Every structure is written in structure tokens, then in C-alpha cells.
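Visitor: CSV, C-alpha atoms, saved as protein04.csv, coming up:
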chain,number,residue,atom,x,y,z
L,1,MET,CA,33.1,-147.3,115.6
L,2,ASN,CA,31.2,-149.6,117.9
L,3,PRO,CA,27.5,-148.6,117.6
L,4,LYS,CA,26.8,-148.4,121.3
L,5,ILE,CA,29.8,-146.0,121.8
L,6,GLU,CA,28.7,-144.0,118.8
L,7,ARG,CA,25.1,-143.6,120.1
L,8,LEU,CA,26.4,-142.6,123.5
L,9,ILE,CA,28.8,-140.0,122.0
L,10,LYS,CA,25.8,-138.6,120.0
L,11,GLN,CA,23.7,-138.3,123.1
L,12,PHE,CA,26.5,-136.4,124.9
L,13,ALA,CA,27.2,-134.3,121.9
L,14,ARG,CA,23.7,-133.0,121.9
L,15,LEU,CA,24.0,-131.5,125.4
L,16,PRO,CA,24.2,-127.7,125.5
L,17,ARG,CA,27.4,-126.3,124.0
L,18,LEU,CA,29.1,-129.7,123.7
L,19,GLY,CA,29.6,-131.2,120.3
L,20,ALA,CA,31.1,-134.3,118.6
L,21,ARG,CA,34.7,-133.8,119.9
L,22,ALA,CA,33.6,-133.1,123.5
L,23,GLY,CA,31.2,-136.1,123.3
L,24,GLN,CA,34.1,-138.4,122.3
L,25,ARG,CA,36.4,-137.0,125.0
L,26,ILE,CA,33.7,-137.5,127.7
L,27,VAL,CA,32.7,-141.0,126.6
L,28,LEU,CA,36.3,-142.2,126.3
L,29,SER,CA,37.1,-140.9,129.8
L,30,LEU,CA,34.0,-142.5,131.3
L,31,LEU,CA,34.3,-145.9,129.6
L,32,GLN,CA,38.1,-146.1,130.4
L,33,ASP,CA,37.6,-145.2,134.0
L,34,LYS,CA,37.8,-148.1,136.4
L,35,THR,CA,36.4,-146.5,139.5
L,36,GLY,CA,32.7,-146.7,138.4
L,37,ARG,CA,32.4,-143.1,137.4
L,38,ALA,CA,30.1,-144.0,134.5
L,39,GLU,CA,27.7,-146.0,136.7
L,40,ASN,CA,27.7,-143.4,139.4
L,41,LEU,CA,26.9,-140.6,137.0
L,42,ALA,CA,24.2,-142.7,135.3
L,43,ASN,CA,22.6,-143.6,138.6
L,44,ALA,CA,22.6,-140.1,139.9
L,45,LEU,CA,21.0,-138.9,136.7
L,46,LEU,CA,18.3,-141.6,136.8
L,47,ASP,CA,17.6,-140.7,140.5
L,48,ALA,CA,17.4,-137.0,139.8
L,49,ALA,CA,15.2,-137.5,136.7
L,50,ALA,CA,12.8,-139.6,138.7
L,51,THR,CA,12.5,-137.4,141.8
L,52,ILE,CA,13.3,-133.8,140.8
L,53,ARG,CA,10.3,-131.6,139.9
L,54,PRO,CA,9.7,-127.8,139.6
L,55,CYS,CA,8.4,-126.3,142.8
L,56,PRO,CA,4.6,-125.9,142.2
L,57,ARG,CA,4.8,-122.3,143.5
L,58,CYS,CA,7.9,-120.7,142.1
L,59,GLY,CA,9.3,-123.2,139.5
L,60,VAL,CA,12.7,-123.9,141.2
L,61,LEU,CA,13.7,-127.6,140.7
L,62,THR,CA,13.3,-129.5,143.9
L,63,ASP,CA,12.7,-133.0,145.4
L,64,ALA,CA,9.1,-134.0,144.5
L,65,ASP,CA,8.8,-135.4,148.1
L,66,ALA,CA,9.5,-132.1,149.6
L,67,GLY,CA,6.5,-130.4,148.1
L,68,LEU,CA,7.6,-126.8,147.9
L,69,CYS,CA,11.3,-125.9,147.2
L,70,GLU,CA,13.8,-124.8,149.8
L,71,PHE,CA,13.1,-121.1,149.1
L,72,CYS,CA,9.4,-121.3,149.5
L,73,ARG,CA,9.7,-123.4,152.6
L,74,ASP,CA,12.2,-121.0,154.2
L,75,ALA,CA,10.1,-118.6,156.4
L,76,SER,CA,13.0,-116.2,156.7
L,77,ARG,CA,12.7,-115.5,153.0
L,78,ALA,CA,9.1,-114.3,153.3
L,79,ASN,CA,10.3,-110.7,153.5
L,80,GLY,CA,7.8,-109.3,151.0
L,81,GLN,CA,10.3,-109.3,148.1
L,82,LEU,CA,9.7,-111.4,145.0
L,83,CYS,CA,12.4,-111.6,142.4
L,84,VAL,CA,11.1,-112.5,138.9
L,85,VAL,CA,13.7,-114.4,136.8
L,86,ARG,CA,13.8,-116.2,133.5
L,87,ASP,CA,15.1,-119.6,134.6
L,88,LEU,CA,16.7,-121.6,137.4
L,89,ALA,CA,20.3,-120.7,136.3
L,90,ASP,CA,19.5,-117.1,137.1
L,91,VAL,CA,18.4,-118.1,140.6
L,92,TRP,CA,21.7,-119.9,141.1
L,93,THR,CA,23.6,-116.9,139.9
L,94,LEU,CA,21.7,-114.6,142.3
L,95,GLU,CA,22.1,-117.0,145.2
L,96,LYS,CA,25.9,-117.2,144.6
L,97,SER,CA,26.2,-113.5,144.8
L,98,ALA,CA,24.0,-113.4,148.0
L,99,VAL,CA,22.5,-110.0,147.1
L,100,PHE,CA,18.9,-111.1,147.4
L,101,HIS,CA,17.1,-112.8,150.4
L,102,GLY,CA,13.5,-113.0,149.3
L,103,ARG,CA,11.6,-115.5,147.2
L,104,TYR,CA,11.8,-116.2,143.5
L,105,HIS,CA,9.4,-116.6,140.6
L,106,ILE,CA,10.7,-118.4,137.6
L,107,LEU,CA,9.0,-117.5,134.3
L,108,GLY,CA,10.5,-120.3,132.4
L,109,GLY,CA,11.5,-118.2,129.4
L,110,LEU,CA,10.8,-114.8,127.8
L,111,ILE,CA,8.2,-113.6,125.4
L,112,SER,CA,9.9,-113.8,122.0
L,113,GLY,CA,8.9,-113.6,118.4
L,114,ALA,CA,12.1,-115.2,117.3
L,115,SER,CA,11.7,-118.4,119.4
L,116,GLY,CA,7.9,-118.3,119.2
L,117,THR,CA,7.4,-118.1,123.0
L,118,VAL,CA,4.0,-116.6,123.8
L,119,PRO,CA,2.8,-115.5,127.3
L,120,GLU,CA,0.8,-118.7,127.7
L,121,ASP,CA,4.1,-120.7,127.6
L,122,LEU,CA,5.3,-118.8,130.7
L,123,ASN,CA,4.5,-119.1,134.4
L,124,ILE,CA,2.9,-115.6,134.7
L,125,LEU,CA,-0.8,-116.2,135.6
L,126,THR,CA,0.0,-117.5,139.1
L,127,LEU,CA,1.8,-114.3,139.9
L,128,PRO,CA,-1.2,-112.1,141.1
L,129,GLU,CA,-2.3,-114.8,143.5
L,130,ARG,CA,1.2,-115.2,144.9
L,131,ILE,CA,1.5,-111.4,145.4
L,132,LYS,CA,-1.7,-111.5,147.4
L,133,SER,CA,-1.2,-114.7,149.4
L,134,GLU,CA,2.5,-114.1,150.3
L,135,CYS,CA,2.0,-110.4,151.1
L,136,ILE,CA,4.5,-109.3,148.6
L,137,THR,CA,5.4,-105.6,148.8
L,138,GLU,CA,8.1,-105.4,146.0
L,139,VAL,CA,8.4,-107.3,142.7
L,140,ILE,CA,12.0,-107.1,141.5
L,141,PHE,CA,12.5,-107.9,137.8
L,142,ALA,CA,15.9,-109.5,137.3
L,143,LEU,CA,15.4,-110.4,133.6
L,144,PRO,CA,18.0,-110.1,130.8
L,145,ASN,CA,18.5,-106.5,129.7
L,146,THR,CA,17.3,-107.2,126.2
L,147,VAL,CA,14.2,-106.4,124.1
L,148,GLU,CA,12.7,-109.8,125.1
L,149,GLY,CA,13.5,-109.1,128.7
L,150,LYS,CA,11.8,-105.7,128.7
L,151,THR,CA,8.8,-106.9,126.6
L,152,THR,CA,8.2,-109.7,129.1
L,153,GLN,CA,8.6,-107.3,132.0
L,154,HIS,CA,6.0,-104.9,130.6
L,155,TYR,CA,3.7,-107.8,129.9
L,156,VAL,CA,4.0,-109.2,133.4
L,157,ILE,CA,3.3,-105.7,135.0
L,158,SER,CA,0.2,-105.4,132.8
L,159,VAL,CA,-1.1,-108.8,133.9
L,160,VAL,CA,-0.5,-108.1,137.6
L,161,GLY,CA,-2.1,-104.7,137.3
L,162,ASP,CA,-2.2,-102.1,140.0
L,163,VAL,CA,-2.1,-103.6,143.4
L,164,PRO,CA,-2.1,-101.2,146.4
L,165,ASN,CA,1.2,-101.2,148.4
L,166,VAL,CA,3.1,-103.2,145.8
L,167,ARG,CA,6.0,-101.6,143.9
L,168,PHE,CA,7.7,-102.9,140.8
L,169,SER,CA,11.5,-102.4,140.3
L,170,GLU,CA,14.1,-103.6,137.9
L,171,LEU,CA,17.9,-104.1,138.2
L,172,ALA,CA,19.9,-100.9,137.4
L,173,SER,CA,21.5,-100.6,133.9
L,174,GLY,CA,24.9,-99.1,133.4
L,175,VAL,CA,28.7,-99.6,133.3
L,176,PRO,CA,29.7,-103.0,134.9
L,177,LEU,CA,32.1,-103.0,137.7
L,178,GLY,CA,35.7,-102.8,136.3
L,179,GLY,CA,34.1,-101.9,132.9
L,180,ASP,CA,36.2,-100.0,130.5
L,181,LEU,CA,34.3,-97.4,128.5
L,182,ASP,CA,36.3,-98.4,125.4
L,183,TYR,CA,34.8,-101.8,125.4
L,184,LEU,CA,31.2,-100.8,126.1
L,185,ASP,CA,28.5,-101.1,123.5
L,186,ASP,CA,26.5,-97.9,122.6
L,187,GLY,CA,23.3,-99.3,124.2
L,188,THR,CA,24.9,-99.7,127.6
L,189,LEU,CA,26.6,-96.3,127.3
L,190,SER,CA,23.4,-94.6,126.5
L,191,LEU,CA,21.6,-96.3,129.4
L,192,ALA,CA,24.5,-95.3,131.7
L,193,PHE,CA,24.1,-91.6,130.6
L,194,ASP,CA,20.4,-91.6,131.0
L,195,GLY,CA,20.7,-93.1,134.5
L,196,ARG,CA,23.6,-90.8,135.6
L,197,ARG,CA,23.6,-89.9,139.3
L,198,GLY,CA,24.7,-86.8,141.2
L,199,VAL,CA,28.0,-87.3,143.1
S,1,MET,CA,20.7,-125.6,145.9
S,2,ASN,CA,19.0,-129.0,146.1
S,3,PRO,CA,21.7,-131.6,147.2
S,4,LYS,CA,20.8,-134.1,144.5
S,5,ILE,CA,21.1,-131.5,141.8
S,6,GLU,CA,24.3,-130.2,143.3
S,7,ARG,CA,25.9,-133.7,143.4
S,8,LEU,CA,24.8,-134.3,139.8
S,9,ILE,CA,26.3,-130.9,138.6
S,10,LYS,CA,29.6,-131.8,140.4
S,11,GLN,CA,29.7,-135.2,138.6
S,12,PHE,CA,29.2,-133.5,135.2
S,13,ALA,CA,31.7,-130.7,136.1
S,14,ARG,CA,34.4,-133.3,136.6
S,15,LEU,CA,34.1,-134.6,133.0
S,16,PRO,CA,37.1,-133.6,130.8
S,17,ARG,CA,37.2,-129.9,129.9
S,18,LEU,CA,33.8,-129.2,131.4
S,19,GLY,CA,33.5,-127.3,134.7
S,20,ALA,CA,31.0,-125.9,137.1
S,21,ARG,CA,29.2,-123.6,134.6
S,22,ALA,CA,29.0,-126.3,131.9
S,23,GLY,CA,27.8,-128.8,134.5
S,24,GLN,CA,25.0,-126.5,135.6
S,25,ARG,CA,23.9,-125.9,132.0
S,26,ILE,CA,23.9,-129.6,131.2
S,27,VAL,CA,22.0,-130.6,134.3
S,28,LEU,CA,19.4,-127.9,133.9
S,29,SER,CA,18.8,-128.9,130.3
S,30,LEU,CA,18.5,-132.6,131.1
S,31,LEU,CA,16.2,-132.1,134.2
S,32,GLN,CA,14.0,-129.7,132.4
S,33,ASP,CA,13.6,-131.8,129.3
S,34,LYS,CA,10.3,-133.6,129.1
S,35,THR,CA,11.2,-136.1,126.3
S,36,GLY,CA,13.1,-138.5,128.6
S,37,ARG,CA,16.6,-137.4,127.4
S,38,ALA,CA,18.0,-137.8,130.9
S,39,GLU,CA,16.8,-141.3,131.3
S,40,ASN,CA,17.9,-142.3,127.8
S,41,LEU,CA,21.4,-140.9,128.4
S,42,ALA,CA,21.7,-142.6,131.8
S,43,ASN,CA,20.5,-146.0,130.4
S,44,ALA,CA,22.8,-145.8,127.4
S,45,LEU,CA,25.7,-145.0,129.8
S,46,LEU,CA,24.9,-147.9,132.1
S,47,ASP,CA,24.5,-150.3,129.2
S,48,ALA,CA,27.9,-149.2,127.7
S,49,ALA,CA,29.7,-149.3,131.0
S,50,ALA,CA,28.4,-152.9,131.6
S,51,THR,CA,29.2,-154.3,128.2
S,52,ILE,CA,32.1,-152.3,126.6
S,53,ARG,CA,35.6,-153.7,127.2
S,54,PRO,CA,39.0,-153.1,125.6
S,55,CYS,CA,39.7,-155.6,122.8
S,56,PRO,CA,42.1,-158.2,124.3
S,57,ARG,CA,44.4,-157.9,121.3
S,58,CYS,CA,44.7,-154.2,120.3
S,59,GLY,CA,42.9,-152.3,123.1
S,60,VAL,CA,40.1,-150.7,121.0
S,61,LEU,CA,36.9,-150.5,123.1
S,62,THR,CA,34.4,-153.0,121.9
S,63,ASP,CA,31.4,-155.2,123.0
S,64,ALA,CA,32.6,-157.8,125.4
S,65,ASP,CA,30.4,-160.4,123.7
S,66,ALA,CA,32.1,-159.9,120.4
S,67,GLY,CA,35.5,-161.0,121.7
S,68,LEU,CA,37.9,-159.2,119.4
S,69,CYS,CA,37.1,-155.7,118.1
S,70,GLU,CA,35.8,-154.8,114.7
S,71,PHE,CA,39.3,-154.1,113.4
S,72,CYS,CA,40.9,-157.3,114.6
S,73,ARG,CA,37.9,-159.3,113.3
S,74,ASP,CA,38.1,-157.7,109.8
S,75,ALA,CA,40.2,-160.0,107.7
S,76,SER,CA,40.7,-157.3,105.0
S,77,ARG,CA,42.7,-155.3,107.6
S,78,ALA,CA,45.3,-158.1,107.9
S,79,ASN,CA,47.5,-156.3,105.3
S,80,GLY,CA,50.7,-156.6,107.3
S,81,GLN,CA,50.5,-153.0,108.6
S,82,LEU,CA,50.2,-152.3,112.3
S,83,CYS,CA,49.7,-148.7,113.5
S,84,VAL,CA,50.8,-147.9,117.1
S,85,VAL,CA,48.8,-145.2,118.7
S,86,ARG,CA,48.5,-143.6,122.2
S,87,ASP,CA,44.7,-144.1,122.7
S,88,LEU,CA,41.3,-144.8,121.1
S,89,ALA,CA,40.7,-141.1,120.3
S,90,ASP,CA,43.7,-141.4,117.9
S,91,VAL,CA,42.2,-144.5,116.3
S,92,TRP,CA,39.0,-142.6,115.7
S,93,THR,CA,40.9,-139.6,114.2
S,94,LEU,CA,42.8,-141.9,111.8
S,95,GLU,CA,39.6,-143.8,110.9
S,96,LYS,CA,37.8,-140.5,110.1
S,97,SER,CA,40.6,-139.5,107.7
S,98,ALA,CA,40.6,-143.0,106.1
S,99,VAL,CA,44.4,-142.9,105.5
S,100,PHE,CA,45.1,-146.2,107.1
S,101,HIS,CA,43.6,-149.6,106.4
S,102,GLY,CA,45.6,-152.0,108.6
S,103,ARG,CA,45.3,-152.9,112.3
S,104,TYR,CA,45.9,-150.8,115.4
S,105,HIS,CA,47.8,-151.3,118.6
S,106,ILE,CA,46.8,-148.9,121.5
S,107,LEU,CA,49.5,-148.3,124.0
S,108,GLY,CA,47.1,-146.7,126.5
S,109,GLY,CA,49.4,-143.7,127.2
S,110,LEU,CA,53.0,-142.6,126.8
S,111,ILE,CA,56.1,-143.0,128.9
S,112,SER,CA,56.3,-139.8,130.9
S,113,GLY,CA,58.3,-138.6,133.9
S,114,ALA,CA,55.8,-135.8,134.4
S,115,SER,CA,52.7,-138.1,134.8
S,116,GLY,CA,54.8,-141.0,136.2
S,117,THR,CA,53.8,-143.4,133.4
S,118,VAL,CA,56.3,-146.2,133.2
S,119,PRO,CA,56.6,-148.8,130.4
S,120,GLU,CA,54.8,-151.4,132.6
S,121,ASP,CA,51.7,-149.3,132.6
S,122,LEU,CA,51.5,-149.5,128.8
S,123,ASN,CA,50.4,-152.3,126.4
S,124,ILE,CA,53.8,-152.9,124.9
S,125,LEU,CA,54.9,-156.5,125.9
S,126,THR,CA,52.2,-158.1,123.7
S,127,LEU,CA,53.6,-156.4,120.6
S,128,PRO,CA,56.4,-158.8,119.6
S,129,GLU,CA,53.9,-161.7,119.7
S,130,ARG,CA,51.4,-159.8,117.6
S,131,ILE,CA,54.0,-159.0,115.0
S,132,LYS,CA,54.8,-162.7,114.7
S,133,SER,CA,51.3,-164.2,114.8
S,134,GLU,CA,49.7,-161.5,112.5
S,135,CYS,CA,52.6,-161.5,110.0
S,136,ILE,CA,53.2,-157.8,110.4
S,137,THR,CA,55.7,-156.3,107.9
S,138,GLU,CA,55.5,-152.6,108.9
S,139,VAL,CA,55.0,-151.0,112.3
S,140,ILE,CA,53.8,-147.4,111.8
S,141,PHE,CA,54.2,-145.1,114.8
S,142,ALA,CA,51.4,-142.5,114.9
S,143,LEU,CA,52.3,-141.1,118.3
S,144,PRO,CA,52.2,-137.4,119.3
S,145,ASN,CA,55.2,-135.5,118.0
S,146,THR,CA,56.5,-134.7,121.5
S,147,VAL,CA,59.3,-135.8,123.7
S,148,GLU,CA,57.1,-138.3,125.4
S,149,GLY,CA,55.9,-139.6,122.0
S,150,LYS,CA,59.5,-140.1,120.7
S,151,THR,CA,60.7,-141.6,124.0
S,152,THR,CA,57.9,-144.1,123.9
S,153,GLN,CA,58.6,-144.9,120.3
S,154,HIS,CA,62.3,-145.6,120.9
S,155,TYR,CA,61.4,-147.8,123.9
S,156,VAL,CA,58.9,-149.8,121.9
S,157,ILE,CA,61.4,-150.3,119.1
S,158,SER,CA,64.0,-151.5,121.7
S,159,VAL,CA,61.5,-154.0,123.1
S,160,VAL,CA,60.4,-155.4,119.8
S,161,GLY,CA,64.1,-155.7,118.7
S,162,ASP,CA,65.3,-156.6,115.3
S,163,VAL,CA,62.7,-158.8,113.5
S,164,PRO,CA,63.6,-159.8,110.0
S,165,ASN,CA,61.3,-158.4,107.3
S,166,VAL,CA,59.7,-155.9,109.7
S,167,ARG,CA,60.3,-152.2,109.1
S,168,PHE,CA,59.5,-149.4,111.5
S,169,SER,CA,58.2,-146.1,110.3
S,170,GLU,CA,56.8,-142.9,111.8
S,171,LEU,CA,54.5,-140.1,110.5
S,172,ALA,CA,56.3,-137.3,108.6
S,173,SER,CA,57.0,-134.1,110.5
S,174,GLY,CA,56.7,-130.7,108.9
S,175,VAL,CA,54.5,-127.7,108.0
S,176,PRO,CA,50.8,-128.6,108.3
S,177,LEU,CA,48.6,-128.3,105.2
S,178,GLY,CA,47.5,-124.6,104.9
S,179,GLY,CA,50.1,-123.8,107.6
S,180,ASP,CA,51.5,-120.3,107.6
S,181,LEU,CA,55.2,-120.1,108.4
S,182,ASP,CA,54.4,-117.0,110.5
S,183,TYR,CA,52.4,-119.1,113.0
S,184,LEU,CA,54.7,-122.1,113.1
S,185,ASP,CA,56.8,-122.8,116.2
S,186,ASP,CA,60.6,-123.1,116.0
S,187,GLY,CA,60.5,-126.9,116.6
S,188,THR,CA,58.2,-127.6,113.7
S,189,LEU,CA,60.2,-125.2,111.4
S,190,SER,CA,63.4,-127.0,112.3
S,191,LEU,CA,61.9,-130.4,111.6
S,192,ALA,CA,60.5,-129.1,108.3
S,193,PHE,CA,64.0,-127.9,107.3
S,194,ASP,CA,65.7,-131.1,108.3
S,195,GLY,CA,63.2,-133.1,106.3
S,196,ARG,CA,63.2,-130.9,103.2
S,197,ARG,CA,62.7,-132.7,99.9
S,198,GLY,CA,64.0,-132.0,96.4
S,199,VAL,CA,61.3,-130.6,94.0
Would you mind giving the structure from this file in C-alpha cells?
Guide:
Amino acid sequence: MNPKIERLIKQFARLPRLGARAGQRIVLSLLQDKTGRAENLANALLDAAATIRPCPRCGVLTDADAGLCEFCRDASRANGQLCVVRDLADVWTLEKSAVFHGRYHILGGLISGASGTVPEDLNILTLPERIKSECITEVIFALPNTVEGKTTQHYVISVVGDVPNVRFSELASGVPLGGDLDYLDDGTLSLAFDGRRGV
Amino acid sequence: MNPKIERLIKQFARLPRLGARAGQRIVLSLLQDKTGRAENLANALLDAAATIRPCPRCGVLTDADAGLCEFCRDASRANGQLCVVRDLADVWTLEKSAVFHGRYHILGGLISGASGTVPEDLNILTLPERIKSECITEVIFALPNTVEGKTTQHYVISVVGDVPNVRFSELASGVPLGGDLDYLDDGTLSLAFDGRRGV
């Protein structure tokens, strides 16, 4: 195989959840396209890589020129609610569902022995200052419902400490909408029983 | 979402067999990477798009500077065998299996009413000249075992016509290696019966 094509395939193959076959398919389709799709993609990628930076306040990727991100600049989102998430993909998911209209705080990962992520790797220490300066009244944890997620949540709460008039909350655990009990794992079932509500 | 990021995600999402979620995942991983992976990928893509062209003889993608592709330049491959395939991915598959050591001829598609591909869209008319000038003695069809593949094969044979000392062959049909009869479709089973061999 031509070495340039081979190198390009390898670079695509290393992208998350792709692989050698997907890389081949993508490179073939791009190099055989006559409408300039390869150049357009490459130029858009170069432009984004040069100008997109994490928001210095919340961590959402945004235009470096803009300073703060679209959420932090939007005054209507200063409603006192701050949603703590693991990464930007979670922000996008929450935005798509339109259930939350406050501001975000991206940790950039979870405390984890397995991956060796320690609290210092995460964007936690700026949180107490944000809570004060943005008059936050509720910190909502929307972290994965896993050991790592809960560990991180406990750690963040211990760092923030007791702030008067600020309450902490987390997303409810239980049976997903349309969820069939037959297909639920024991952990979810146990959480759903513990959190049962009167009807 | 930031418009630059949104546009980039859309461009990745349109690549074959990706989609919105895969696009998001890829763009996030590229823009959050601090080792220059985004720039490297973009530059490799620009370089390939600017310099890679189909070989004027067989259609394999190759450096434009090199003239003919690595197969057509390799004298040891002038063994009289010419393998007719649909596209470059098929060449790569055959090369990986190392079952064939002659030259290739890429049609660039198959005759198909469904996709509206007519013979004029394909690289067929140069074939008689290649057979003569490269002293081909066997034309091996390695096309998909489908109606379109067989239609195209018949058409190509009719275009090449009767050339003395040239034989046409096609890949054998039948039960794949490790294939369980239980999981075989009727068409394959019928081909395997028709092609049964004495043991």
C-alpha cells in the first residue's frame, strides 16, 4: 500500500472506536471524492484546532477569541444552578434534552484508581470561588452512576465544604423510562427499591 | 454548541458508517488532545488529497509523482494474470491475503440499475488494450458474488470479446471456510451444490 495512504489510515484508525477497517473505508471515500471533502474536512480541523480552547471558567470548548463560552456569557443562565459534569459530551447530552438551564462545570474526568486519575488532574479547585462569585444556590451532580462518579462527587463536596445557602443534589437513580425489570441489573433494581416513592 | 465545533462534527458524521455520536466522540477527542493529533491528521489529509491520484493504467490510488502505481511498476507482477475488482478496498483485501501476485484492474463500481451506474461510468474500455499490451493470459474476475457483480462480469467479457490465448475465470462460489450450513443462505447453498466436487 502507498505509504502516505497507509499513514493516513493509521491516523484515522486511532480515533475513538474506529479501527483499521473503518480507517480504510474513510480514507478511500475521502481520497476518491472529487468535491473537495478531504480538503474541507482538513481545513475545518486545522481552524478548530487553532482557535478552539476550553472556557477558562467552566471548561466548555469555545472560540478563544470569545473569552468565556456561550453558557458563561449567557446572563439568562445565571439562575443560581451549577451542573457538575465529567466532560463536554455530557454537556451536549444535557443540552439536547433541554432539562437544565443553568451553568456547567466540567471536571475533565473522574477520580479513578484504575486510570490513575487523581483530584489534582481535575478542575475542582476553582469550584468554591465560582459558587461564591456566581451566587450559586444549588450544585447539581450529573456524574456517571458508578463508583468513580460517586467517589468524585463525595470528594468535590468535601472540597467545597459547607457553604451557607448552597445545597447539593444528584440525579435520581432508578428504572429508566421504558425499562423492563427483566433487563435491569441488580444494582439499579436495588437503588430503585431504596428510592421508592409513595403513589 | 459552538458553530465551528458543530460544523466539524457534521463533517465527520458524514464519513462512511459514522454518524452524529461518532462524530462528536472523534471531534472531542481530537480537540482535547494536546499532542497535536488534530493538526497532524489534518496535514496528512491535505497532503494526501493534493498528491494522491488513481494510477492511469489500473486505477489504484498512488502518488501522482510516481506515474504508475506500485503494482504496475513491479515487473515481477507481469505474470500474465489480471485481476478485475470493483474498488481499491478489494485490492487491499486481496493483497492482505497474498493469494494473488499479478496485476489489478479497478472498475470503480458495478453496473447497477439501483444506483444508476452504467458501463460508461466504469473503467472498462481500456481493458482490451491492457490485455494486448501487457500480454495477459488470464483475466480473473474477483467481483462481488451478487447480481450486479455477475452482470458487470458478463458485460466486461462481452466488451473484451474473444481474444486468442486469453482465458476468463471467476472466484469459486461455495461454503466459506468454517461455514456452518445452518447459517448459510439458500443462494450460497444452491451454488455449493451445483459446484460440488468428487472426493
Visitor: Work out how far CA of Leu127 in chain L is from CA of Arg167 in chain L, in Å to one decimal.
Guide: 14.0 Å
Visitor: For a test of reading the model, state the distance in Å between CA of Asn123 in chain L and CA of Thr35 in chain S, rounded to one decimal.
Guide: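 CA of Thr35 in chain S lies at a distance of 20.0 Å from CA of Asn123 in chain L.
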Visitor: Smallest atom-to-atom distance to chain S: which of L:Gly187, L:Pro164, L:Pro54, L:Gly179, using only C-alpha atoms?
Guide: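 Closest to chain S, using only C-alpha atoms: L:Pro54.
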Visitor: Point out the residue among S:Ala48, S:Val99, S:Ile136, S:Cys55 with the least atom-to-atom distance to chain L, counting all atoms listed in the file.
Guide: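 Checking each candidate against chain L, we get S:Ala48 as the closest.
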Visitor: Excluding Gly80 in chain S and its own-chain neighbours fewer than 2 positions away, which residues fall within 8 Å of it when counting all atoms listed in the file? Please give them as a list in words.
Guide: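 Returned residues: Ala78, Leu82, Gly102, Glu134, Cys135, Ile136, Thr137 and Glu138 of chain S.
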Visitor: Which is closer to Arg53 in chain L than all the others in S:Arg73, S:Arg21, S:Lys132, S:Lys34, using only C-alpha atoms?
Guide: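 Closest to Arg53 in chain L of all the choices is S:Lys34.
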Visitor: Write out as a VMD selection string every residue belonging to chain S that has an atom at most 7 Å from any atom of chain L, counting only C-alpha atoms.
Guide: chain S and resid 2 4 to 5 8 11 15 to 16 25 to 26 31 38 to 39 41 to 46 48 to 49 62
Visitor: What is the CA of Arg86 in chain L to CA of Cys58 in chain L distance in Å?
Guide: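 Between these atoms lies a distance of 11.4 Å.
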Visitor: Would you mind listing what lies within 10 Å of Val84 in chain L as a VMD selection string, with all atoms listed in the file counted and same-chain residues fewer than 6 positions away left out?
Guide: chain L and resid 58 90 to 91 103 to 107 124 127 139 to 143 153 156 170
Visitor: Which one of L:Gly19, L:Ser115, L:His101, L:Thr126 sits closest to Arg57 in chain L if you count all atoms listed in the file?
Guide: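 Counting all atoms listed in the file, the residue closest to Arg57 in chain L is L:Thr126.
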Visitor: Taking (56.1, -129.5, 112.5) in the file's own coordinates, collect the residues within 7 Å, counting only C-alpha atoms, and hand them back as a PyMOL selection string.
Guide: chain S and resi 173-176+187-189+191-192
